[in-house]
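Undergrad: Please read through the structure below; I'll follow up with questions.
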Amino acid sequence: MDRRTKDVLSSTNYWEIREGSASNRVIRVSNAKVKDLSMSAAHGLSVRVLKNGSWGFFYGEGMPLLDIAKRAVSLARASDGSVGSIANQPRRKNSFKTKMKTNPDDISSEEIVKSFRRHHVSSVNSTSFDFQSNERVIEFSNCEGSHLSQTLNYVTAGANIGVKSGAKNEEFDARVGGLGGYEIVRNGFGHAVNEAVSRAKELLIARVPKGGSFPVVCDPVLVDVLVHEAFGHGAEADLVLKGESCLADKLGKQLAGRDITIVDDSTIPGAWGSFFFDDEGVRAKKTTILDKGILSNFMHSRETASEMDCEPTGNARAEGVSTVPAVRMSNTNLLPKKASTEELLEGIRSGLFLGGSAGGQVDTAKGNFQFNSKFGYRIVNGELGAPIKGVSLSGNTLTLLDSIDAVGRKKSAGLPGFCGKFGQMVPVIGINPSLRLKKAMVGGRI
Amino acid sequence: MISGQVRSLLKKVDNFIIVRQKEDLVECFIRDNSIDQSTGSVHESFSVQLWKGKRRIAGSFSNLDVSILRKLLSALRSAPEKDYFYGLPKFSKPNKVELFDRKVASLTPSDLADQACQLKNIINRKGVDATFGVVGKSVEEFSIETSAGVDASFKGSRFTISASGTVSGNEGKASAWDGLESRRIASGNSLGQTVRDRALEGLRQKSLKSIPKNVILEPRVASQLLSYGILPNLNLSAIEEKKSFYASKVGESIWNGIQLTDNPTLAWGNSSYPFDWEGSASRKTTLVSDGILKGFISDFNTSKHLKQNHTPNATLGGISFSNVSLSGKRTEEEGLVIGDVIGAHTAEPLSTRFSVVADNACIIKKGERIPVKPFMLSGSLDEMLKGNCRFTGKVECRDGIFTRSIVTSDLNVIR
């Protein structure tokens, strides 16, 4: 950094610089034909400053650091200074890289297209496959003397299987992904596609059940959305401080049974939501949010940690260096317990088993949520019955937590996806067991 | 836009499209009743598409120099062949569409902070906290050059306001959110009042005891559900990928008396443009007329391949809508009004089914608003549009769709 930039930044209470390079490769194959082959690369610099209680942030591509710093400082002057302070962090210097067995750049586009063509199934109406590899290099430095560097390599492959019978159309999605190399696709994609084909075909004979209130067993993919949407967002400290979380006054209170422990863990090697340090330079951590049913922690940035007088949890994430960090989840997991699938179904005379995910959403202030399952079965006298579809689950966070009465023993990863907040998308996932809800509101037909 | 060295390398390909986009953005954020953050950014990107025979490579870069073009050319050599390529559309004179407002461009961060301050003061009354909000402006530049002789550019402005308000009562919290986007400066007064009034209304919600015959989807709700559950079916890409609910139905009556158009030429339209990403001059397309499906939005190559009409809706490697307008039989009716839904993005285009939580809903009876607690709303969007679907209230533009509130009796209300 040159002297003039130092002078500009020295007028602030805190500054941080993030420099990012991102490169991306995408291959899409639709019905065994090449649809798209593309690549992208971007490089930019951002400066965030805290000056007299106000944040100023500026990002530029190809602009000198001095100009970016000047604009960040000038933007801080436009605000009215309500930020108190940020939690202390030790000075850290380190460099991290994603471990991978097979660099995806060593796999030719032709080879990937060929492998997708092998997965094409002629017995279905349509198949679409996509592959994406993304490398993000982030350099972080701040006025406290920290200098950090991380290289995150994301690899993902997805399938969309469409089936048709008369006027009926159905589709099912599958996706694998994580931090690592091409081995993520090679090891898991074939199985995921096969399952998507059989699920899509089953949807053609499935019926939309009557809506209402039922005992429900959710599979690990749906539990992923449930934990993330219905609970996780409410435990983000920025929303808590804004009065936009139904968990705001519940710290230390028993909200669920003793079998329920939920953690946010960005340290899981190779998991889609992992990283080495967050976008404020705080080391990745495992944070227990709900400990044996008691709300024990919120997820924090340095600012929210200071406001609530606790430690930052390494959850300040940004979509890229061009955006401002906010409190976000990473890999958010319900820890497994003892119940087998049979035990989860046992005792339900009439209920629903819901699986897969078609997304979800929550109003954190009220705690109202909605998420869609992708497939399911009726439960009749403790056994799985006829297939069902078109079902969504809704309710309130606090009621839902209280309604969980059994947690499965076998855990598996949900779909690698992106969580949206304040217009930014970050990679998130959950590794969860199945669970049983005593009663849940299910939307279907009347 | 293109340097001499890059231009000479472009001679190695049969066809190219190069698009430069630049956005200069400033935003001021309201948080917890104060303006605590202002941010800005300048993004510049070059989107490149190259063809050699039927081989195609696309890329997006923050700068365009010789090394990047060489990398693209190398990838192009080993790229698998696409199924077809019919060339690029020839140059046609672009339309003049008004998109740039100097007043927006000249707004300073302090002006935006003042607007944000006014907005929070409107919301922050009667116990309502302005918990989050953004006032922002941007200036966008777009230029295109193609091997078919297109060389054009335009400039646009954008002004955005959004805010949420939260209020606490004896039975818990209530909140509301609203946002607007415009090419010109817009007042946040009405938006602030709506957020405040809807948040307060949330404290008076009663359980839904009897279900009125009519469900009325406000424009925001109708637009969200249609943009996820219906519009993807009217894109020629979906036909090509065998993923459209309306495949092989051109010329058939699919809905009851409904008109649906796509119009990128609309003056000051949020999604307007004088030409698309292939350089084709923009024009209005009627997709559904009096309930009869007339066609799909498309780009040059997909339309040639599938022998359908070409519409100027190309984007980088895809096809997308501009300003959509939905209209039909007018009515003045009351019923169960849905102001917001949770989970609209889960609507499935291939079946047009959806199942969401209806929020900020109220029963309107003899002009009086009776707020009701959240409930589930499900059904088929296709069945809704096929049925006796009517339109009431003012036209609003939400999520790129211009529509009035939709009145229907074909959805399931689940308590």
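We label chains A, B, ... in the order they appear in the structure tokens, count residues from 1 in each chain, and number ligands from 1 in the order shown.
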Find the spatial neighbours of A:Phe189, counting only C-alpha atoms, within a cut-off of 8 Å - ignore same-chain residues fewer than 2 positions away - and output them as a PyMOL selection string.

TA: chain A and resi 157-158+175-176+184-187+191-193

Undergrad: Any idea what's packed within 9 Å of stretch 146-155 of chain A, counting only C-alpha atoms, ignoring anything in its chain fewer than 4 positions away? Could you give it as a VMD selection string?

TA: chain A and resid 90 to 100 104 131 to 142 176 to 182 184 to 185 272 274 to 277 281

Undergrad: Using only N, CA, C and O atoms, please write the residues we just selected to a file, as a short mmCIF file (atom, residue, chain, number, x, y, z; two decimals), in the first residue's frame.

TA:
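again02.cif, freshly written:
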```cif
data_model
loop_
_atom_site.label_atom_id
_atom_site.label_comp_id
_atom_site.auth_asym_id
_atom_site.auth_seq_id
_atom_site.Cartn_x
_atom_site.Cartn_y
_atom_site.Cartn_z
N PRO A 90 -7.53 -11.23 17.06
CA PRO A 90 -6.07 -11.24 17.05
C PRO A 90 -5.54 -11.02 15.63
O PRO A 90 -6.23 -11.33 14.65
N ARG A 91 -4.32 -10.49 15.54
CA ARG A 91 -3.68 -10.34 14.23
C ARG A 91 -3.31 -11.73 13.72
O ARG A 91 -2.74 -12.53 14.47
N ARG A 92 -3.67 -12.01 12.48
CA ARG A 92 -3.39 -13.35 11.96
C ARG A 92 -2.80 -13.25 10.56
O ARG A 92 -3.20 -12.39 9.78
N LYS A 93 -1.84 -14.15 10.30
CA LYS A 93 -1.25 -14.21 8.95
C LYS A 93 -1.26 -15.68 8.54
O LYS A 93 -0.69 -16.52 9.25
N ASN A 94 -1.90 -15.99 7.46
CA ASN A 94 -1.97 -17.39 7.04
C ASN A 94 -2.46 -17.49 5.60
O ASN A 94 -3.02 -16.55 5.06
N SER A 95 -2.24 -18.67 5.04
CA SER A 95 -2.68 -18.90 3.67
C SER A 95 -3.28 -20.31 3.60
O SER A 95 -2.70 -21.25 4.16
N PHE A 96 -4.44 -20.44 2.97
CA PHE A 96 -5.14 -21.73 2.94
C PHE A 96 -5.53 -22.08 1.50
O PHE A 96 -5.88 -21.19 0.72
N LYS A 97 -5.53 -23.37 1.21
CA LYS A 97 -5.95 -23.84 -0.12
C LYS A 97 -6.85 -25.05 0.02
O LYS A 97 -6.62 -25.91 0.87
N THR A 98 -7.85 -25.17 -0.85
CA THR A 98 -8.72 -26.34 -0.88
C THR A 98 -7.91 -27.56 -1.32
O THR A 98 -7.12 -27.47 -2.26
N LYS A 99 -8.15 -28.68 -0.63
CA LYS A 99 -7.48 -29.92 -1.06
C LYS A 99 -8.31 -30.58 -2.15
O LYS A 99 -9.53 -30.69 -2.02
N MET A 100 -7.65 -31.00 -3.22
CA MET A 100 -8.38 -31.72 -4.28
C MET A 100 -7.53 -32.85 -4.83
O MET A 100 -6.30 -32.75 -4.84
N PRO A 104 -10.26 -30.06 -11.60
CA PRO A 104 -11.26 -30.10 -12.68
C PRO A 104 -10.75 -29.51 -14.00
O PRO A 104 -11.24 -29.87 -15.08
N PHE A 131 -22.43 -28.87 -15.28
CA PHE A 131 -21.20 -29.01 -14.47
C PHE A 131 -20.66 -27.60 -14.26
O PHE A 131 -20.70 -26.76 -15.15
N GLN A 132 -20.18 -27.35 -13.05
CA GLN A 132 -19.61 -26.04 -12.80
C GLN A 132 -18.41 -26.17 -11.87
O GLN A 132 -18.51 -26.84 -10.83
N SER A 133 -17.30 -25.59 -12.25
CA SER A 133 -16.17 -25.50 -11.33
C SER A 133 -15.83 -24.03 -11.15
O SER A 133 -15.91 -23.24 -12.10
N ASN A 134 -15.53 -23.68 -9.93
CA ASN A 134 -15.35 -22.27 -9.60
C ASN A 134 -14.18 -22.12 -8.63
O ASN A 134 -14.16 -22.80 -7.61
N GLU A 135 -13.22 -21.29 -9.00
CA GLU A 135 -12.10 -21.04 -8.08
C GLU A 135 -12.15 -19.59 -7.63
O GLU A 135 -12.22 -18.67 -8.44
N ARG A 136 -12.16 -19.41 -6.31
CA ARG A 136 -12.16 -18.04 -5.76
C ARG A 136 -10.92 -17.86 -4.90
O ARG A 136 -10.69 -18.62 -3.95
N VAL A 137 -10.13 -16.87 -5.24
CA VAL A 137 -8.94 -16.55 -4.43
C VAL A 137 -9.22 -15.23 -3.74
O VAL A 137 -9.53 -14.23 -4.40
N ILE A 138 -9.15 -15.24 -2.42
CA ILE A 138 -9.46 -14.02 -1.66
C ILE A 138 -8.26 -13.66 -0.78
O ILE A 138 -7.75 -14.49 -0.02
N GLU A 139 -7.81 -12.43 -0.94
CA GLU A 139 -6.72 -11.90 -0.09
C GLU A 139 -7.36 -10.88 0.84
O GLU A 139 -8.05 -9.97 0.38
N PHE A 140 -7.11 -11.04 2.13
CA PHE A 140 -7.72 -10.15 3.12
C PHE A 140 -6.64 -9.46 3.93
O PHE A 140 -5.69 -10.11 4.38
N SER A 141 -6.77 -8.17 4.12
CA SER A 141 -5.86 -7.49 5.06
C SER A 141 -6.63 -6.39 5.76
O SER A 141 -7.62 -5.87 5.22
N ASN A 142 -6.22 -6.07 6.99
CA ASN A 142 -6.91 -4.99 7.71
C ASN A 142 -5.92 -4.16 8.51
O ASN A 142 -4.72 -4.45 8.55
N VAL A 176 -24.88 -32.86 -6.83
CA VAL A 176 -23.78 -33.15 -5.91
C VAL A 176 -22.83 -31.96 -5.97
O VAL A 176 -22.77 -31.26 -6.99
N GLY A 177 -22.12 -31.73 -4.90
CA GLY A 177 -21.19 -30.60 -4.93
C GLY A 177 -20.43 -30.48 -3.63
O GLY A 177 -20.83 -31.01 -2.60
N GLY A 178 -19.30 -29.80 -3.70
CA GLY A 178 -18.51 -29.59 -2.49
C GLY A 178 -17.27 -28.79 -2.82
O GLY A 178 -17.08 -28.32 -3.95
N LEU A 179 -16.42 -28.62 -1.81
CA LEU A 179 -15.12 -27.99 -2.00
C LEU A 179 -14.14 -29.11 -2.30
O LEU A 179 -13.99 -30.03 -1.50
N GLY A 180 -13.49 -29.07 -3.44
CA GLY A 180 -12.56 -30.15 -3.79
C GLY A 180 -12.37 -30.19 -5.29
O GLY A 180 -12.45 -29.17 -5.98
N GLY A 181 -12.12 -31.41 -5.79
CA GLY A 181 -11.83 -31.57 -7.21
C GLY A 181 -12.92 -32.35 -7.93
O GLY A 181 -14.02 -32.57 -7.40
N TYR A 182 -12.59 -32.82 -9.14
CA TYR A 182 -13.57 -33.50 -9.99
C TYR A 182 -14.06 -34.82 -9.36
O TYR A 182 -15.10 -35.34 -9.73
N ILE A 184 -15.50 -35.27 -6.72
CA ILE A 184 -16.84 -35.07 -6.13
C ILE A 184 -17.91 -35.51 -7.13
O ILE A 184 -18.88 -36.17 -6.78
N VAL A 185 -17.70 -35.18 -8.41
CA VAL A 185 -18.67 -35.53 -9.46
C VAL A 185 -18.52 -37.02 -9.80
O VAL A 185 -19.51 -37.75 -9.89
N TRP A 272 -19.78 -28.21 1.14
CA TRP A 272 -20.15 -27.12 0.22
C TRP A 272 -20.15 -25.76 0.92
O TRP A 272 -19.81 -24.74 0.33
N SER A 274 -18.29 -24.82 3.56
CA SER A 274 -17.08 -24.56 4.36
C SER A 274 -16.22 -23.46 3.77
O SER A 274 -16.33 -23.11 2.59
N PHE A 275 -15.35 -22.91 4.63
CA PHE A 275 -14.32 -21.96 4.20
C PHE A 275 -13.25 -21.94 5.28
O PHE A 275 -13.41 -22.62 6.32
N PHE A 276 -12.18 -21.20 5.08
CA PHE A 276 -11.10 -21.18 6.07
C PHE A 276 -11.22 -19.97 7.00
O PHE A 276 -10.94 -20.05 8.18
N PHE A 277 -11.60 -18.82 6.44
CA PHE A 277 -11.90 -17.64 7.27
C PHE A 277 -13.04 -16.89 6.61
O PHE A 277 -13.26 -17.00 5.40
N GLY A 281 -12.17 -11.84 8.06
CA GLY A 281 -10.89 -12.40 8.48
C GLY A 281 -10.98 -13.23 9.76
O GLY A 281 -9.95 -13.55 10.37
#
```

Undergrad: In Å, how far is it from atom CA of B:Val48 to atom CA of B:Asp151?

TA: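 Interatomic distance here is 14.3 Å.
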
Undergrad: Taking a cut-off of 8 Å and counting only C-alpha atoms, can you build a table that, for each residue of stretch 302-358 of chain B near stretch 347-367 of chain A, reports the nearest atom pair and how far apart they are in Å (one decimal), sorted by chain then residue number, as CSV?

TA:
```
residue,atom,partner,partner_atom,distance
B:Ile342,CA,A:Gln361,CA,5.9
B:Gly343,CA,A:Gln361,CA,5.2
B:His345,CA,A:Gly359,CA,7.5
B:Thr346,CA,A:Ala358,CA,5.7
```

Undergrad: Could you take the residues named above and write them with N, CA, C and O atoms, as a PDB file, in the first residue's frame?

TA:
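For reference, out-v7.pdb as written:
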```pdb
ATOM      1  N   ILE B 342     -45.090 -16.536   1.190  1.00  0.00           N
ATOM      2  CA  ILE B 342     -43.765 -17.068   1.517  1.00  0.00           C
ATOM      3  C   ILE B 342     -43.581 -18.320   0.664  1.00  0.00           C
ATOM      4  O   ILE B 342     -44.405 -19.237   0.721  1.00  0.00           O
ATOM      5  N   GLY B 343     -42.529 -18.345  -0.137  1.00  0.00           N
ATOM      6  CA  GLY B 343     -42.210 -19.545  -0.917  1.00  0.00           C
ATOM      7  C   GLY B 343     -42.669 -19.517  -2.368  1.00  0.00           C
ATOM      8  O   GLY B 343     -42.784 -20.578  -2.992  1.00  0.00           O
ATOM      9  N   HIS B 345     -41.070 -18.863  -4.934  1.00  0.00           N
ATOM     10  CA  HIS B 345     -40.051 -19.427  -5.822  1.00  0.00           C
ATOM     11  C   HIS B 345     -40.125 -20.951  -5.903  1.00  0.00           C
ATOM     12  O   HIS B 345     -39.434 -21.557  -6.709  1.00  0.00           O
ATOM     13  N   THR B 346     -40.971 -21.568  -5.079  1.00  0.00           N
ATOM     14  CA  THR B 346     -41.081 -23.030  -5.146  1.00  0.00           C
ATOM     15  C   THR B 346     -42.175 -23.467  -6.131  1.00  0.00           C
ATOM     16  O   THR B 346     -42.415 -24.660  -6.276  1.00  0.00           O
TER      17      THR B 346
END
```

Undergrad: Neighbours of B:Tyr86 within 12 Å (only C-alpha atoms; same-chain residues fewer than 5 positions away dropped), as JSON, numbers by chain?

TA: {"B": [14, 15, 51, 52, 53, 54, 55, 299, 300, 301, 302, 303, 304, 305, 306, 307]}

Undergrad: Write a file of the just-selected residues containing C-alpha atoms, as an mmCIF file, in the first residue's frame.

TA:
```cif
data_model
loop_
_atom_site.group_PDB
_atom_site.id
_atom_site.type_symbol
_atom_site.label_atom_id
_atom_site.label_comp_id
_atom_site.auth_asym_id
_atom_site.auth_seq_id
_atom_site.Cartn_x
_atom_site.Cartn_y
_atom_site.Cartn_z
ATOM 1 C CA ASP B 14 -16.286 -17.194 -38.018
ATOM 2 C CA ASN B 15 -18.627 -15.191 -35.813
ATOM 3 C CA TRP B 51 -18.086 -19.417 -33.071
ATOM 4 C CA LYS B 52 -15.993 -21.550 -35.366
ATOM 5 C CA GLY B 53 -18.389 -23.617 -37.425
ATOM 6 C CA LYS B 54 -20.800 -25.122 -34.891
ATOM 7 C CA ARG B 55 -18.303 -24.868 -32.066
ATOM 8 C CA ASP B 299 -33.509 -15.726 -29.879
ATOM 9 C CA PHE B 300 -32.284 -15.903 -33.479
ATOM 10 C CA ASN B 301 -30.766 -19.394 -33.474
ATOM 11 C CA THR B 302 -33.326 -21.241 -31.350
ATOM 12 C CA SER B 303 -36.166 -19.759 -33.416
ATOM 13 C CA LYS B 304 -34.500 -20.829 -36.698
ATOM 14 C CA HIS B 305 -33.829 -24.307 -35.350
ATOM 15 C CA LEU B 306 -37.380 -24.852 -34.088
ATOM 16 C CA LYS B 307 -38.947 -22.987 -37.028
#
```

Undergrad: Which residue gives the smallest distance to B:Ala247 among B:Arg330, B:Asn360, B:Leu350, B:Trp268, with only C-alpha atoms counted?

TA: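 Checking each of B:Arg330, B:Asn360, B:Leu350, B:Trp268 against B:Ala247, counting only C-alpha atoms, the winner is B:Leu350.
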
Undergrad: Skip A:Lys253 itself and residues of its chain fewer than 6 positions away, then list as a PDB file with C-alpha atoms, in the first residue's frame all residues within 12 Å of it, counting only C-alpha atoms.

TA:
```pdb
ATOM      1  CA  LEU A 247     -35.622 -15.979  18.668  1.00  0.00           C
ATOM      2  CA  ILE A 289     -26.671 -22.769  18.386  1.00  0.00           C
ATOM      3  CA  LEU A 290     -29.217 -25.043  19.996  1.00  0.00           C
ATOM      4  CA  ASP A 291     -27.662 -27.210  22.713  1.00  0.00           C
ATOM      5  CA  LYS A 292     -29.884 -30.097  23.855  1.00  0.00           C
ATOM      6  CA  GLY A 293     -32.897 -27.944  23.055  1.00  0.00           C
ATOM      7  CA  ILE A 294     -31.562 -24.759  24.737  1.00  0.00           C
ATOM      8  CA  LEU A 295     -30.832 -21.714  22.549  1.00  0.00           C
ATOM      9  CA  SER A 296     -27.168 -21.225  23.450  1.00  0.00           C
ATOM     10  CA  ASN A 297     -25.655 -18.929  20.775  1.00  0.00           C
ATOM     11  CA  LEU A 398     -41.051 -22.096  17.893  1.00  0.00           C
TER      12      LEU A 398
END
```

Undergrad: Please provide the set of residues having any atom within 10 Å of B:Glu348, restricted to only C-alpha atoms, with same-chain residues fewer than 6 positions apart removed, written as a list in words.

TA: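 Contacts, in chain order: Glu170, Glu171, Ala358 and Gly390 of chain A; Leu225, Tyr228, Gly229, Ile230, Pro232, Phe354, Ser355, Ser380 and Leu381 of chain B.
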
Undergrad: With all heavy atoms retained, could you export that selection as a compact mmCIF listing (two decimals), in the first residue's frame?

TA:
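File produced: again-v3.txt:
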```txt
# COMPACT_ATOMS: atom_id res chain seq x y z
N GLU A 170 -43.76 -34.27 -15.05
CA GLU A 170 -43.12 -34.17 -13.75
C GLU A 170 -41.61 -34.06 -13.96
O GLU A 170 -41.10 -34.45 -15.01
CB GLU A 170 -43.41 -35.41 -12.88
CG GLU A 170 -44.87 -35.61 -12.52
CD GLU A 170 -45.44 -34.52 -11.59
OE1 GLU A 170 -44.66 -33.73 -11.04
OE2 GLU A 170 -46.69 -34.46 -11.47
N GLU A 171 -40.93 -33.51 -12.96
CA GLU A 171 -39.47 -33.43 -13.05
C GLU A 171 -38.86 -33.65 -11.68
O GLU A 171 -39.52 -33.48 -10.65
CB GLU A 171 -39.03 -32.07 -13.61
CG GLU A 171 -39.43 -30.90 -12.77
CD GLU A 171 -39.07 -29.56 -13.40
OE1 GLU A 171 -38.11 -29.51 -14.18
OE2 GLU A 171 -39.75 -28.58 -13.09
N ALA A 358 -37.88 -28.65 -2.66
CA ALA A 358 -38.07 -27.71 -3.78
C ALA A 358 -37.96 -26.30 -3.24
O ALA A 358 -38.61 -25.39 -3.71
CB ALA A 358 -39.43 -27.96 -4.42
N GLY A 390 -46.61 -32.58 -4.53
CA GLY A 390 -47.22 -31.26 -4.43
C GLY A 390 -47.50 -30.83 -3.00
O GLY A 390 -48.50 -30.18 -2.72
N LEU B 225 -45.72 -15.44 -8.43
CA LEU B 225 -46.13 -16.81 -8.76
C LEU B 225 -46.02 -17.06 -10.26
O LEU B 225 -45.54 -18.11 -10.69
CB LEU B 225 -47.57 -17.06 -8.29
CG LEU B 225 -47.74 -17.17 -6.76
CD1 LEU B 225 -49.22 -17.21 -6.39
CD2 LEU B 225 -47.04 -18.40 -6.20
N TYR B 228 -42.35 -17.47 -11.60
CA TYR B 228 -41.73 -18.77 -11.33
C TYR B 228 -42.50 -19.94 -11.96
O TYR B 228 -41.90 -20.90 -12.42
CB TYR B 228 -41.62 -19.01 -9.82
CG TYR B 228 -40.57 -18.16 -9.16
CD1 TYR B 228 -40.93 -17.08 -8.36
CD2 TYR B 228 -39.22 -18.41 -9.35
CE1 TYR B 228 -39.97 -16.27 -7.76
CE2 TYR B 228 -38.26 -17.62 -8.76
CZ TYR B 228 -38.63 -16.56 -7.97
OH TYR B 228 -37.67 -15.77 -7.39
N GLY B 229 -43.83 -19.85 -11.96
CA GLY B 229 -44.63 -21.02 -12.32
C GLY B 229 -45.16 -21.05 -13.74
O GLY B 229 -45.54 -22.11 -14.24
N ILE B 230 -45.23 -19.88 -14.42
CA ILE B 230 -45.82 -19.86 -15.76
C ILE B 230 -44.82 -19.41 -16.83
O ILE B 230 -44.64 -20.06 -17.86
CB ILE B 230 -47.06 -18.93 -15.78
CG1 ILE B 230 -48.23 -19.58 -15.05
CG2 ILE B 230 -47.48 -18.56 -17.21
CD1 ILE B 230 -48.89 -20.75 -15.76
N PRO B 232 -41.57 -19.44 -17.36
CA PRO B 232 -40.54 -20.32 -17.94
C PRO B 232 -41.09 -21.22 -19.05
O PRO B 232 -40.36 -21.62 -19.94
CB PRO B 232 -40.07 -21.16 -16.74
CG PRO B 232 -40.36 -20.30 -15.55
CD PRO B 232 -41.62 -19.56 -15.89
N PHE B 354 -48.34 -25.00 -7.23
CA PHE B 354 -47.64 -24.29 -6.17
C PHE B 354 -48.34 -24.53 -4.84
O PHE B 354 -49.51 -24.91 -4.80
CB PHE B 354 -47.58 -22.77 -6.47
CG PHE B 354 -48.90 -22.08 -6.28
CD1 PHE B 354 -49.19 -21.45 -5.07
CD2 PHE B 354 -49.86 -22.06 -7.27
CE1 PHE B 354 -50.41 -20.82 -4.87
CE2 PHE B 354 -51.08 -21.45 -7.08
CZ PHE B 354 -51.36 -20.82 -5.88
N SER B 355 -47.61 -24.33 -3.76
CA SER B 355 -48.16 -24.45 -2.42
C SER B 355 -47.35 -23.52 -1.54
O SER B 355 -46.16 -23.74 -1.33
CB SER B 355 -48.04 -25.91 -1.96
OG SER B 355 -48.55 -26.06 -0.67
N SER B 380 -53.09 -24.91 -9.03
CA SER B 380 -52.38 -24.95 -10.30
C SER B 380 -52.58 -23.58 -10.96
O SER B 380 -53.72 -23.11 -11.11
CB SER B 380 -52.97 -26.06 -11.17
OG SER B 380 -52.89 -25.71 -12.53
N LEU B 381 -51.47 -22.94 -11.33
CA LEU B 381 -51.56 -21.62 -11.96
C LEU B 381 -52.25 -21.72 -13.32
O LEU B 381 -52.99 -20.82 -13.73
CB LEU B 381 -50.17 -21.00 -12.10
CG LEU B 381 -49.49 -20.67 -10.76
CD1 LEU B 381 -48.02 -20.39 -10.96
CD2 LEU B 381 -50.18 -19.49 -10.09
```

Undergrad: Tell me, as a list in words, which residues lie within 7 Å of B:Asp178, counting only C-alpha atoms; anything in the same chain fewer than 4 positions away does not count.

TA: Ser162, Ala163, Ser164, Leu191 and Val195 of chain B

Undergrad: Restrict the selected residues to N, CA, C and O atoms and save them as a PDB file, in the first residue's frame.

TA:
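So again.pdb came out as:
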```
ATOM      1  N   SER B 162     -36.380   0.101  -1.090  1.00  0.00           N
ATOM      2  CA  SER B 162     -37.100  -0.987  -0.433  1.00  0.00           C
ATOM      3  C   SER B 162     -36.964  -0.796   1.068  1.00  0.00           C
ATOM      4  O   SER B 162     -36.018  -0.161   1.541  1.00  0.00           O
ATOM      5  N   ALA B 163     -37.936  -1.302   1.798  1.00  0.00           N
ATOM      6  CA  ALA B 163     -37.891  -1.136   3.256  1.00  0.00           C
ATOM      7  C   ALA B 163     -38.746  -2.179   3.938  1.00  0.00           C
ATOM      8  O   ALA B 163     -39.693  -2.705   3.349  1.00  0.00           O
ATOM      9  N   SER B 164     -38.382  -2.485   5.167  1.00  0.00           N
ATOM     10  CA  SER B 164     -39.240  -3.345   5.974  1.00  0.00           C
ATOM     11  C   SER B 164     -39.476  -2.674   7.322  1.00  0.00           C
ATOM     12  O   SER B 164     -38.634  -1.925   7.819  1.00  0.00           O
ATOM     13  N   LEU B 191     -44.674   4.021  -0.463  1.00  0.00           N
ATOM     14  CA  LEU B 191     -44.092   2.728  -0.066  1.00  0.00           C
ATOM     15  C   LEU B 191     -43.921   2.667   1.454  1.00  0.00           C
ATOM     16  O   LEU B 191     -44.273   1.685   2.110  1.00  0.00           O
ATOM     17  N   VAL B 195     -45.726   0.020   4.044  1.00  0.00           N
ATOM     18  CA  VAL B 195     -44.971  -0.846   4.956  1.00  0.00           C
ATOM     19  C   VAL B 195     -45.464  -0.640   6.392  1.00  0.00           C
ATOM     20  O   VAL B 195     -45.730  -1.598   7.121  1.00  0.00           O
TER      21      VAL B 195
END
```

Undergrad: I want to know what sits within 12 Å of B:Glu145, based on only C-alpha atoms, with residues of the same chain fewer than 4 positions away left out; could you give that as an MDAnalysis selection string?

TA: chainID B and resid 1:2 7 10 15:20 46:49 88:91 149:153 275:280
